[in-house]
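Printed here is structure.cif (mmCIF, C-alpha atoms and all ligand atoms):
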data_work
#
loop_
_atom_site.label_atom_id
_atom_site.label_comp_id
_atom_site.auth_asym_id
_atom_site.auth_seq_id
_atom_site.Cartn_x
_atom_site.Cartn_y
_atom_site.Cartn_z
CA MET A 4 17.22 28.25 -6.95
CA THR A 5 17.80 24.58 -7.87
CA VAL A 6 16.11 23.03 -10.89
CA GLN A 7 14.10 20.81 -8.55
CA ALA A 8 12.83 23.78 -6.59
CA ASP A 9 11.83 25.45 -9.88
CA ILE A 10 9.88 22.40 -10.96
CA SER A 11 8.17 22.10 -7.58
CA GLU A 12 7.21 25.76 -7.74
CA GLU A 13 5.77 25.34 -11.22
CA ILE A 14 3.77 22.31 -10.07
CA VAL A 15 2.32 24.27 -7.17
CA ARG A 16 1.50 27.17 -9.51
CA LEU A 17 -0.23 24.94 -12.07
CA LYS A 18 -2.37 23.13 -9.50
CA LYS A 19 -4.59 26.18 -9.08
CA PRO A 20 -5.83 26.75 -12.67
CA ARG A 21 -6.26 22.99 -13.05
CA ASN A 22 -8.05 22.72 -9.67
CA ALA A 23 -5.85 19.70 -9.03
CA VAL A 24 -4.85 17.80 -5.93
CA ILE A 25 -1.67 15.74 -5.70
CA LEU A 26 -1.79 12.47 -3.78
CA ALA A 27 1.45 10.59 -3.10
CA HIS A 28 2.11 7.18 -1.59
CA ASN A 29 4.60 6.85 1.29
CA TYR A 30 7.05 5.06 -1.07
CA GLN A 31 7.38 7.98 -3.49
CA VAL A 32 10.72 9.79 -3.87
CA PRO A 33 11.15 12.60 -1.28
CA GLU A 34 10.71 15.52 -3.70
CA VAL A 35 7.41 14.09 -4.95
CA GLN A 36 6.17 13.53 -1.38
CA ASP A 37 7.12 17.15 -0.60
CA VAL A 38 5.04 18.57 -3.43
CA ALA A 39 1.96 16.46 -2.57
CA ASP A 40 -1.17 17.80 -0.86
CA PHE A 41 -1.64 14.46 0.85
CA THR A 42 0.75 11.57 1.48
CA GLY A 43 -0.34 8.27 2.93
CA ASP A 44 -0.85 4.54 2.68
CA SER A 45 -3.24 2.82 0.30
CA LEU A 46 -6.18 3.26 2.67
CA GLY A 47 -5.47 6.93 3.40
CA LEU A 48 -5.05 7.71 -0.30
CA SER A 49 -8.38 6.02 -1.15
CA GLN A 50 -10.05 8.08 1.58
CA ALA A 51 -8.40 11.28 0.34
CA ALA A 52 -9.52 10.56 -3.24
CA ALA A 53 -13.07 9.88 -2.05
CA ARG A 54 -13.38 13.21 -0.22
CA THR A 55 -11.56 15.66 -2.48
CA ASP A 56 -13.52 18.36 -4.30
CA ALA A 57 -10.72 18.99 -6.80
CA ASP A 58 -11.48 18.35 -10.49
CA VAL A 59 -8.17 16.63 -11.16
CA ILE A 60 -6.31 14.04 -9.08
CA VAL A 61 -2.63 13.57 -9.91
CA PHE A 62 -1.86 10.17 -8.44
CA CYS A 63 1.77 9.69 -7.50
CA GLY A 64 1.72 5.98 -6.90
CA VAL A 65 1.09 2.95 -9.06
CA HIS A 66 -1.59 2.04 -11.59
CA PHE A 67 -4.02 0.16 -9.33
CA MET A 68 -4.09 3.18 -6.98
CA ALA A 69 -5.05 5.53 -9.82
CA GLU A 70 -7.72 3.03 -10.87
CA THR A 71 -9.08 2.97 -7.32
CA ALA A 72 -9.29 6.77 -7.39
CA SER A 73 -11.10 6.62 -10.75
CA ILE A 74 -13.59 4.06 -9.37
CA LEU A 75 -14.28 6.26 -6.33
CA CYS A 76 -14.43 9.52 -8.29
CA PRO A 77 -15.97 8.76 -11.68
CA ASP A 78 -16.52 12.46 -12.43
CA LYS A 79 -12.94 13.50 -11.81
CA THR A 80 -9.93 13.36 -14.09
CA VAL A 81 -7.37 10.97 -12.59
CA LEU A 82 -3.82 11.29 -13.90
CA LEU A 83 -0.94 8.87 -13.41
CA PRO A 84 2.35 10.56 -14.36
CA ASP A 85 3.80 7.31 -15.79
CA LEU A 86 1.61 4.49 -17.10
CA GLU A 87 4.46 2.00 -16.63
CA ALA A 88 4.12 2.35 -12.84
CA GLY A 89 2.64 -1.11 -12.31
CA CYS A 90 2.72 -3.56 -9.40
CA SER A 91 4.15 -7.09 -9.41
CA LEU A 92 1.66 -8.14 -6.72
CA ALA A 93 -1.43 -6.88 -8.59
CA ALA A 94 -0.13 -8.76 -11.66
CA THR A 95 -0.29 -12.13 -9.87
CA ILE A 96 -4.03 -12.59 -10.45
CA THR A 97 -6.30 -11.83 -13.40
CA ALA A 98 -10.08 -11.56 -13.39
CA ASP A 99 -10.28 -14.86 -15.32
CA GLU A 100 -8.19 -16.63 -12.71
CA LEU A 101 -10.39 -15.20 -9.97
CA ARG A 102 -13.57 -16.30 -11.76
CA GLN A 103 -12.17 -19.83 -11.99
CA TRP A 104 -11.25 -19.80 -8.29
CA LYS A 105 -14.73 -18.56 -7.38
CA ALA A 106 -16.32 -21.29 -9.50
CA GLN A 107 -14.46 -23.87 -7.38
CA HIS A 108 -15.81 -22.24 -4.16
CA PRO A 109 -19.19 -20.77 -5.09
CA GLU A 110 -20.26 -20.04 -1.49
CA ALA A 111 -17.09 -18.18 -0.53
CA VAL A 112 -16.76 -14.45 0.15
CA VAL A 113 -13.99 -12.79 -1.89
CA VAL A 114 -11.69 -10.35 -0.07
CA SER A 115 -9.27 -8.57 -2.38
CA TYR A 116 -6.31 -6.53 -1.28
CA VAL A 117 -6.42 -3.08 -2.85
CA ASN A 118 -3.29 -4.10 -4.84
CA THR A 119 -5.44 -5.60 -7.63
CA SER A 120 -6.70 -4.48 -11.03
CA ALA A 121 -10.14 -2.88 -11.46
CA GLU A 122 -11.28 -6.11 -13.22
CA VAL A 123 -10.36 -8.15 -10.14
CA LYS A 124 -12.04 -5.66 -7.78
CA ALA A 125 -15.21 -5.95 -9.89
CA GLU A 126 -15.24 -9.70 -9.09
CA SER A 127 -14.74 -9.10 -5.33
CA ASP A 128 -17.11 -8.75 -2.38
CA TYR A 129 -14.76 -6.73 -0.18
CA CYS A 130 -11.59 -4.76 -0.68
CA CYS A 131 -9.01 -4.32 2.07
CA THR A 132 -5.61 -2.72 2.60
CA SER A 133 -2.79 -3.71 4.92
CA ALA A 134 -4.24 -1.24 7.47
CA ASN A 135 -7.64 -2.95 7.75
CA ALA A 136 -7.36 -6.50 6.34
CA ALA A 137 -7.97 -8.20 9.71
CA LYS A 138 -10.92 -5.90 10.45
CA VAL A 139 -12.52 -6.67 7.09
CA VAL A 140 -12.10 -10.43 7.58
CA GLN A 141 -13.54 -10.18 11.11
CA ALA A 142 -16.63 -8.44 9.72
CA ILE A 143 -17.48 -11.53 7.65
CA PRO A 144 -19.65 -14.16 9.45
CA SER A 145 -17.37 -16.87 10.83
CA ASP A 146 -19.16 -19.70 9.01
CA ARG A 147 -18.52 -18.18 5.56
CA GLU A 148 -15.49 -19.42 3.68
CA ILE A 149 -13.17 -16.64 2.50
CA LEU A 150 -11.05 -16.39 -0.64
CA PHE A 151 -8.30 -13.89 0.21
CA LEU A 152 -6.12 -12.50 -2.55
CA PRO A 153 -3.58 -11.88 -3.90
CA ASP A 154 -0.91 -11.63 -1.18
CA LEU A 155 0.19 -14.84 0.48
CA TYR A 156 2.03 -13.22 3.39
CA LEU A 157 -0.73 -10.76 4.23
CA GLY A 158 -3.27 -13.59 3.92
CA ASP A 159 -1.33 -15.84 6.30
CA TYR A 160 -0.92 -12.94 8.72
CA VAL A 161 -4.66 -12.19 8.67
CA ALA A 162 -5.52 -15.87 9.18
CA LYS A 163 -3.21 -15.97 12.22
CA VAL A 164 -4.44 -12.72 13.77
CA THR A 165 -8.13 -13.55 13.33
CA GLY A 166 -7.75 -17.27 14.10
CA ARG A 167 -9.77 -17.93 10.95
CA LYS A 168 -9.47 -21.47 9.59
CA ASN A 169 -11.89 -21.25 6.63
CA ILE A 170 -9.74 -18.83 4.64
CA ARG A 171 -8.02 -19.76 1.38
CA VAL A 172 -5.12 -17.58 0.31
CA TRP A 173 -3.98 -16.89 -3.27
CA PRO A 174 -0.23 -17.56 -3.66
CA GLY A 175 0.72 -14.08 -4.93
CA GLU A 176 3.54 -11.90 -3.64
CA CYS A 177 5.17 -8.51 -4.10
CA HIS A 178 8.75 -9.02 -5.32
CA VAL A 179 10.05 -6.25 -3.02
CA HIS A 180 8.40 -7.43 0.21
CA ALA A 181 8.68 -11.16 -0.48
CA GLY A 182 12.45 -10.57 -0.77
CA ILE A 183 12.60 -9.52 2.89
CA ARG A 184 13.37 -12.94 4.35
CA PRO A 185 13.55 -14.32 7.93
CA GLY A 186 17.36 -14.42 7.57
CA ASP A 187 17.42 -10.67 6.80
CA PHE A 188 15.39 -10.03 9.94
CA LYS A 189 17.82 -12.02 12.12
CA GLU A 190 20.79 -10.27 10.50
CA ALA A 191 19.26 -6.82 11.13
CA LEU A 192 18.75 -7.68 14.81
CA ARG A 193 22.39 -8.75 14.98
CA LEU A 194 23.62 -5.56 13.29
CA HIS A 195 21.43 -3.27 15.40
CA PRO A 196 21.23 -4.72 18.92
CA ASP A 197 20.37 -1.19 20.16
CA ALA A 198 17.17 -0.97 18.09
CA ASP A 199 14.15 -0.44 20.34
CA GLU A 200 11.46 -1.47 17.86
CA VAL A 201 11.07 -3.33 14.57
CA PHE A 202 8.35 -2.36 12.08
CA ILE A 203 7.26 -5.10 9.67
CA HIS A 204 4.90 -4.59 6.74
CA PRO A 205 2.58 -7.65 6.53
CA GLU A 206 3.48 -8.20 2.85
CA CYS A 207 7.04 -9.13 3.94
CA GLY A 208 8.35 -12.64 3.42
CA CYS A 209 9.42 -12.68 7.10
CA THR A 210 6.00 -11.76 8.59
CA THR A 211 4.82 -15.10 9.98
CA ASN A 212 8.31 -15.94 11.13
CA CYS A 213 8.48 -12.62 13.02
CA MET A 214 5.10 -13.31 14.63
CA THR A 215 6.37 -16.65 15.95
CA PHE A 216 9.59 -15.01 17.08
CA ALA A 217 7.59 -12.31 18.91
CA GLN A 218 5.63 -15.00 20.77
CA GLU A 219 8.61 -17.17 21.65
CA GLU A 220 11.44 -14.75 22.49
CA ALA A 221 11.57 -12.64 25.64
CA ASP A 222 10.91 -8.88 25.08
CA MET A 223 10.15 -9.37 21.39
CA GLU A 224 6.38 -9.00 21.72
CA GLU A 225 6.71 -5.30 22.62
CA LYS A 226 9.51 -4.77 20.10
CA ILE A 227 7.94 -6.15 16.90
CA HIS A 228 5.06 -4.22 15.29
CA ILE A 229 3.30 -5.41 12.14
CA LEU A 230 1.92 -2.30 10.47
CA SER A 231 0.82 -0.64 7.23
CA THR A 232 3.04 2.21 6.05
CA SER A 233 0.91 4.91 7.70
CA GLY A 234 0.63 2.71 10.79
CA MET A 235 4.44 2.92 10.93
CA ILE A 236 4.32 6.71 10.69
CA ARG A 237 1.77 6.97 13.50
CA ARG A 238 3.65 4.51 15.74
CA SER A 239 7.01 6.26 15.17
CA ALA A 240 5.57 9.52 16.52
CA ALA A 241 3.68 7.96 19.44
CA SER A 242 6.41 5.60 20.62
CA PRO A 243 9.07 6.67 23.16
CA ALA A 244 11.56 4.45 21.25
CA ARG A 245 14.67 6.08 19.74
CA LYS A 246 15.84 3.56 17.14
CA PHE A 247 13.71 1.57 14.70
CA ILE A 248 14.43 -1.17 12.17
CA VAL A 249 11.99 -0.84 9.28
CA ALA A 250 10.95 -3.69 7.00
CA THR A 251 9.21 -2.37 3.90
CA GLU A 252 10.01 -0.42 0.75
CA THR A 253 12.73 2.07 1.68
CA GLY A 254 10.76 5.14 0.50
CA ILE A 255 9.03 5.05 3.90
CA LEU A 256 12.27 6.14 5.60
CA TYR A 257 11.83 9.67 4.30
CA PRO A 258 8.50 10.50 6.01
CA LEU A 259 9.59 8.60 9.14
CA GLN A 260 12.79 10.63 9.44
CA LYS A 261 11.11 13.90 8.46
CA GLY A 262 8.48 13.48 11.16
CA ASN A 263 11.00 12.42 13.83
CA PRO A 264 14.31 14.18 13.21
CA ASP A 265 15.71 13.13 16.60
CA LYS A 266 15.04 9.39 16.08
CA VAL A 267 16.99 6.83 14.06
CA PHE A 268 15.44 4.65 11.34
CA VAL A 269 17.36 1.90 9.56
CA PRO A 270 16.04 -0.28 6.75
CA LEU A 271 15.82 -3.98 7.49
CA LYS A 272 16.86 -4.50 3.86
CA GLU A 273 18.56 -1.63 2.05
CA ASP A 274 17.73 -2.81 -1.46
CA ALA A 275 13.98 -3.16 -0.80
CA VAL A 276 13.18 -0.64 -3.53
CA CYS A 277 10.08 -0.71 -5.75
CA GLU A 278 11.10 0.32 -9.25
CA TYR A 279 7.44 0.95 -10.13
CA MET A 280 6.96 3.50 -7.35
CA LYS A 281 10.23 5.17 -8.33
CA ARG A 282 9.08 5.73 -11.92
CA ILE A 283 7.24 8.85 -10.75
CA THR A 284 9.53 11.87 -10.83
CA LEU A 285 8.97 15.58 -10.29
CA GLU A 286 9.44 16.19 -14.04
CA LYS A 287 6.71 13.66 -14.84
CA VAL A 288 4.34 15.22 -12.28
CA LEU A 289 4.84 18.60 -13.96
CA ARG A 290 4.24 17.12 -17.42
CA SER A 291 1.14 15.44 -16.08
CA LEU A 292 -0.33 18.78 -15.03
CA GLU A 293 0.82 20.64 -18.13
CA GLU A 294 -0.46 18.14 -20.67
CA MET A 295 -3.15 16.46 -18.54
CA VAL A 296 -1.55 13.04 -19.02
CA PHE A 297 -1.91 10.12 -18.50
CA GLN A 298 -5.56 9.70 -17.76
CA VAL A 299 -6.66 6.53 -15.97
CA LYS A 300 -10.37 5.95 -16.44
CA VAL A 301 -12.17 2.79 -15.37
CA ALA A 302 -15.24 2.06 -17.52
CA GLU A 303 -18.41 2.76 -15.54
CA ASP A 304 -19.89 -0.77 -15.65
CA LEU A 305 -16.66 -2.18 -14.23
CA ALA A 306 -16.25 0.72 -11.80
CA ALA A 307 -19.77 0.27 -10.42
CA ARG A 308 -19.00 -3.36 -9.48
CA GLY A 309 -15.62 -2.52 -7.94
CA ARG A 310 -17.06 0.43 -6.03
CA THR A 311 -19.26 -1.78 -3.86
CA ALA A 312 -16.21 -3.73 -2.63
CA ILE A 313 -14.23 -0.54 -1.95
CA HIS A 314 -17.16 1.17 -0.20
CA ARG A 315 -17.64 -1.84 2.07
CA MET A 316 -14.00 -1.45 3.09
CA LEU A 317 -14.23 2.32 3.62
CA GLU A 318 -17.33 1.88 5.77
CA LEU A 319 -15.35 -0.43 8.06
CA ALA A 320 -12.23 1.80 8.13
P1 LIG B 1 0.28 0.33 2.37
O1 LIG B 1 0.72 1.68 2.02
O2 LIG B 1 -1.20 0.23 2.33
O3 LIG B 1 0.84 -0.16 3.64
O4 LIG B 1 0.74 -0.67 1.17
C1 LIG B 1 2.00 -0.95 0.81
C2 LIG B 1 2.16 -1.24 -0.63
O5 LIG B 1 2.90 -2.11 -1.01
C3 LIG B 1 1.49 -0.43 -1.61
O6 LIG B 1 1.88 -0.81 -2.84
FE1 LIG B 2 3.38 -3.40 -5.78
FE2 LIG B 2 5.26 -4.24 -4.15
FE3 LIG B 2 5.68 -2.04 -5.52
FE4 LIG B 2 3.87 -2.04 -3.53
S1 LIG B 2 6.06 -2.31 -3.33
S2 LIG B 2 3.62 -1.19 -5.60
S3 LIG B 2 3.09 -4.12 -3.69
S4 LIG B 2 5.43 -4.08 -6.38
#

If you took the structure in this file and wrote it as structure tokens, what would it be?
Amino acid sequence: MTVQADISEEIVRLKKPRNAVILAHNYQVPEVQDVADFTGDSLGLSQAAARTDADVIVFCGVHFMAETASILCPDKTVLLPDLEAGCSLAATITADELRQWKAQHPEAVVVSYVNTSAEVKAESDYCCTSANAAKVVQAIPSDREILFLPDLYLGDYVAKVTGRKNIRVWPGECHVHAGIRPGDFKEALRLHPDADEVFIHPECGCTTNCMTFAQEEADMEEKIHILSTSGMIRRSAASPARKFIVATETGILYPLQKGNPDKVFVPLKEDAVCEYMKRITLEKVLRSLEEMVFQVKVAEDLAARGRTAIHRMLELA
């Protein structure tokens, strides 16, 4: 047996005495996804955390995701196998900056993407993920101004889809997705003229450009799909298409290919790799379970305020 298989086996064995569940984001390395009880996008992982009856959640993702699990499950032990697994997007706004922004727009409703710290969530009225951002914005009365944060591309996408004019967007971005530019999109179409569909994550730097392209070019409306990572997985299975260009972090290619062995998936940008997501390895997951490290615990006063925003989102999901 390979070393990897040994480690996976040990992880599975240890889960029982710990009464642990392993949650893994779609961008995790394949061997970590394979050992997980549940894999999914940010929304799906929040839902899985909220409903589990395990005592321990090993979160194979990044820090804000483990914090979200801690907010939703204050009585459970939430472990993040590497505390350095951060997020460049979540780091673009602090709670102080949000408080200042709110002070400039005291009547506005604050919608925060789940890629934010617990302190920022505590200052927010609603949370959202890429899977439900438009739905959350639509649920807010049309005469209320909205402060949407922190992702500029997702915010612009939501404003376009909902037709909302009274929405202010924080100028944050994820370094991986922002690096997927309109020129990369055009080049991928040139390299793969036989691709039937193109999946674009709304955090991508090419999102609004692709939306315009879809409206203006013949056949592109059916070809281009703007989706969360789990939206991509669902669409890949439901679609009769054979070849897909995929614009997001390349970890998504593994579940797409695994679920559809007879279809072809190519990355729109091969080096779209999140070094934070890749910090989680099988060895670190095992250590996490053995030593019960590293615990992520959001203080209850902060958690209580963030929980309202997350619950509002989950009720709409
Ligand atoms: P989703 O999985 O919600 O689509 O989010 C992508 C992401 O960048 C998470 O960090
Ligand atoms: Fe954050 Fe971007 Fe990495 Fe997702 S891909 S965790 S948004 S840095």

Handout entry: Using all atoms listed in the file: which of A:Ala142, A:Val81, A:Leu259, A:Cys213 has the shortest distance to A:Ser233
Key =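 Nearest to A:Ser233: A:Leu259.
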
Practice task
Point out the residue among A:Lys281, A:Lys246, A:Arg102, A:Arg16 with the least atom-to-atom distance to ligand LIG 1 (chain B), counting all atoms listed in the file.
Solution key: A:Lys281

Practice task
Give the answer as one residue: which of A:Glu126, A:Asp197, A:Glu206, A:Asp146 has the shortest atom-to-atom distance to A:Pro174, using only C-alpha atoms?
Solution key: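 Selected residue with least distance to A:Pro174: A:Glu206.
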
Problem - Nearby residues, ligand LIG 1 (chain B), 6 Å, all atoms listed in the file, as a list in words - result: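 Using all atoms listed in the file, I find these residues within 6 Å of ligand LIG 1 (chain B): Asp44, Ser45, Leu46, Thr132, Ser133, Ser231 and Thr232 of chain A.
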
Practice task
Work out how far atom CA of A:Lys272 is from atom CA of A:Ala241, in Å to one decimal.
Solution key: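 Distance reported for this atom pair: 23.9 Å.
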
Exercise for the section: Please check which protein, DNA or RNA residues sit within 8 Å of ligand LIG 2 (chain B), counting all atoms listed in the file, and write them as a list in words. Expected result: Tyr30, Gly64, Val65, Gly89, Cys90, Ser91, Leu92, Ala93, Asn118, Glu176, Cys177, His178, Val179, His180, Glu206, Thr251, Glu252, Val276, Cys277, Glu278, Tyr279 and Met280 of chain A

Export of prior selection with C-alpha atoms as an mmCIF file, keeping the file's coordinate frame:
data_model
loop_
_atom_site.group_PDB
_atom_site.id
_atom_site.type_symbol
_atom_site.label_atom_id
_atom_site.label_comp_id
_atom_site.auth_asym_id
_atom_site.auth_seq_id
_atom_site.Cartn_x
_atom_site.Cartn_y
_atom_site.Cartn_z
ATOM 1 C CA TYR A 30 7.050 5.060 -1.070
ATOM 2 C CA GLY A 64 1.720 5.980 -6.900
ATOM 3 C CA VAL A 65 1.090 2.950 -9.060
ATOM 4 C CA GLY A 89 2.640 -1.110 -12.310
ATOM 5 C CA CYS A 90 2.720 -3.560 -9.400
ATOM 6 C CA SER A 91 4.150 -7.090 -9.410
ATOM 7 C CA LEU A 92 1.660 -8.140 -6.720
ATOM 8 C CA ALA A 93 -1.430 -6.880 -8.590
ATOM 9 C CA ASN A 118 -3.290 -4.100 -4.840
ATOM 10 C CA GLU A 176 3.540 -11.900 -3.640
ATOM 11 C CA CYS A 177 5.170 -8.510 -4.100
ATOM 12 C CA HIS A 178 8.750 -9.020 -5.320
ATOM 13 C CA VAL A 179 10.050 -6.250 -3.020
ATOM 14 C CA HIS A 180 8.400 -7.430 0.210
ATOM 15 C CA GLU A 206 3.480 -8.200 2.850
ATOM 16 C CA THR A 251 9.210 -2.370 3.900
ATOM 17 C CA GLU A 252 10.010 -0.420 0.750
ATOM 18 C CA VAL A 276 13.180 -0.640 -3.530
ATOM 19 C CA CYS A 277 10.080 -0.710 -5.750
ATOM 20 C CA GLU A 278 11.100 0.320 -9.250
ATOM 21 C CA TYR A 279 7.440 0.950 -10.130
ATOM 22 C CA MET A 280 6.960 3.500 -7.350
#

Handout entry: Best match for closeness to A:Met235 among A:Thr211, A:Gln218, A:Gln260, A:Thr284, counting only C-alpha atoms
Key =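 The shortest atom-to-atom distance to A:Met235 comes from A:Gln260.
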
Practice task
Taking the point (4.4, 15.9, -6.7) as given in the file, collect each protein or nucleic acid residue that comes within 12 Å of it, counting all atoms listed in the file, and present the set as an MDAnalysis selection string.
Solution key: chainID A and resid 7:8 10:18 23:28 31:42 60:64 82:84 283:292

Could you tell me, as a JSON list (two decimals) with C-alpha atoms, in the frame of the given file, which residues have any atom at most 9 Å from (16.0, 8.9, 16.8), counting all atoms listed in the file?
[["chain", "number", "residue", "atom", "x", "y", "z"],
["A", 244, "ALA", "CA", 11.56, 4.45, 21.25],
["A", 245, "ARG", "CA", 14.67, 6.08, 19.74],
["A", 246, "LYS", "CA", 15.84, 3.56, 17.14],
["A", 247, "PHE", "CA", 13.71, 1.57, 14.70],
["A", 260, "GLN", "CA", 12.79, 10.63, 9.44],
["A", 263, "ASN", "CA", 11.00, 12.42, 13.83],
["A", 264, "PRO", "CA", 14.31, 14.18, 13.21],
["A", 265, "ASP", "CA", 15.71, 13.13, 16.60],
["A", 266, "LYS", "CA", 15.04, 9.39, 16.08],
["A", 267, "VAL", "CA", 16.99, 6.83, 14.06],
["A", 268, "PHE", "CA", 15.44, 4.65, 11.34]]

Exercise for the section: Pick out the residues sitting within 6 Å of stretch 47-53 of chain A, and hand them over as a PyMOL selection string; count all atoms listed in the file, and ignore anything fewer than 3 positions along from it in its own chain. Expected result: chain A and resi 43-44+72+75

Problem - Length of the atom CA of A:Arg54 to atom CA of A:Arg21 vector [Å] - result: 17.6 Å

Practice task
Give the answer as one residue: which of A:Ile236, A:Val299, A:Leu152, A:Ala221 has the shortest atom-to-atom distance to A:Ala94, using only C-alpha atoms?
Solution key: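 Looking at the shortest contact to A:Ala94, the residue is A:Leu152.
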
Problem - Shell around A:Arg184 at 8 Å using all atoms listed in the file, local window under 5 positions removed, as number ranges by chain - result: A: 207-209

C-alpha atoms of the current selection, written as a PDB file, in the coordinates of the input:
ATOM      1  CA  CYS A 207       7.040  -9.130   3.940  1.00  0.00           C
ATOM      2  CA  GLY A 208       8.350 -12.640   3.420  1.00  0.00           C
ATOM      3  CA  CYS A 209       9.420 -12.680   7.100  1.00  0.00           C
TER       4      CYS A 209
END

Exercise for the section: Kindly give the distance, in Å, that separates atom CA of A:Val172 and atom CA of A:Ala307, rounded to a single decimal. Expected result: 25.5 Å

What lies within 6 Å of A:Gly175 using only C-alpha atoms, ignoring chain neighbours under 5 positions off, as a PDB file with C-alpha atoms, keeping the file's coordinate frame?
ATOM      1  CA  THR A  95      -0.290 -12.130  -9.870  1.00  0.00           C
ATOM      2  CA  PRO A 153      -3.580 -11.880  -3.900  1.00  0.00           C
ATOM      3  CA  ASP A 154      -0.910 -11.630  -1.180  1.00  0.00           C
ATOM      4  CA  LEU A 155       0.190 -14.840   0.480  1.00  0.00           C
TER       5      LEU A 155
END

Write out as a short mmCIF file (atom, residue, chain, number, x, y, z; two decimals) with C-alpha atoms, in the frame of the given file the residues lying within 12 Å of A:Val113, counting all atoms listed in the file and excluding same-chain residues fewer than 5 positions away.
data_model
loop_
_atom_site.label_atom_id
_atom_site.label_comp_id
_atom_site.auth_asym_id
_atom_site.auth_seq_id
_atom_site.Cartn_x
_atom_site.Cartn_y
_atom_site.Cartn_z
CA LEU A 101 -10.39 -15.20 -9.97
CA ARG A 102 -13.57 -16.30 -11.76
CA TRP A 104 -11.25 -19.80 -8.29
CA LYS A 105 -14.73 -18.56 -7.38
CA ALA A 106 -16.32 -21.29 -9.50
CA HIS A 108 -15.81 -22.24 -4.16
CA VAL A 123 -10.36 -8.15 -10.14
CA LYS A 124 -12.04 -5.66 -7.78
CA ALA A 125 -15.21 -5.95 -9.89
CA GLU A 126 -15.24 -9.70 -9.09
CA SER A 127 -14.74 -9.10 -5.33
CA ASP A 128 -17.11 -8.75 -2.38
CA TYR A 129 -14.76 -6.73 -0.18
CA CYS A 130 -11.59 -4.76 -0.68
CA CYS A 131 -9.01 -4.32 2.07
CA VAL A 139 -12.52 -6.67 7.09
CA VAL A 140 -12.10 -10.43 7.58
CA ILE A 143 -17.48 -11.53 7.65
CA ARG A 147 -18.52 -18.18 5.56
CA GLU A 148 -15.49 -19.42 3.68
CA ILE A 149 -13.17 -16.64 2.50
CA LEU A 150 -11.05 -16.39 -0.64
CA PHE A 151 -8.30 -13.89 0.21
CA LEU A 152 -6.12 -12.50 -2.55
CA PRO A 153 -3.58 -11.88 -3.90
CA ILE A 170 -9.74 -18.83 4.64
CA ARG A 171 -8.02 -19.76 1.38
CA VAL A 172 -5.12 -17.58 0.31
CA TRP A 173 -3.98 -16.89 -3.27
CA ALA A 312 -16.21 -3.73 -2.63
#

Name all residues at most 6 Å from A:Val201 (count all atoms listed in the file; drop same-chain ones fewer than 6 positions away) and give them as a short mmCIF file (atom, residue, chain, number, x, y, z; two decimals) with C-alpha atoms, in the coordinates of the input.
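Once written, result.cif looks like this:
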data_model
loop_
_atom_site.label_atom_id
_atom_site.label_comp_id
_atom_site.auth_asym_id
_atom_site.auth_seq_id
_atom_site.Cartn_x
_atom_site.Cartn_y
_atom_site.Cartn_z
CA LYS A 226 9.51 -4.77 20.10
CA ILE A 227 7.94 -6.15 16.90
CA PHE A 247 13.71 1.57 14.70
CA ILE A 248 14.43 -1.17 12.17
CA VAL A 249 11.99 -0.84 9.28
#

Problem - Proximity to A:Tyr156 - best of A:His228, A:His195, A:His204, A:Lys138, all atoms listed in the file - result: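 For A:Tyr156, the nearest of the given residues is A:His204.
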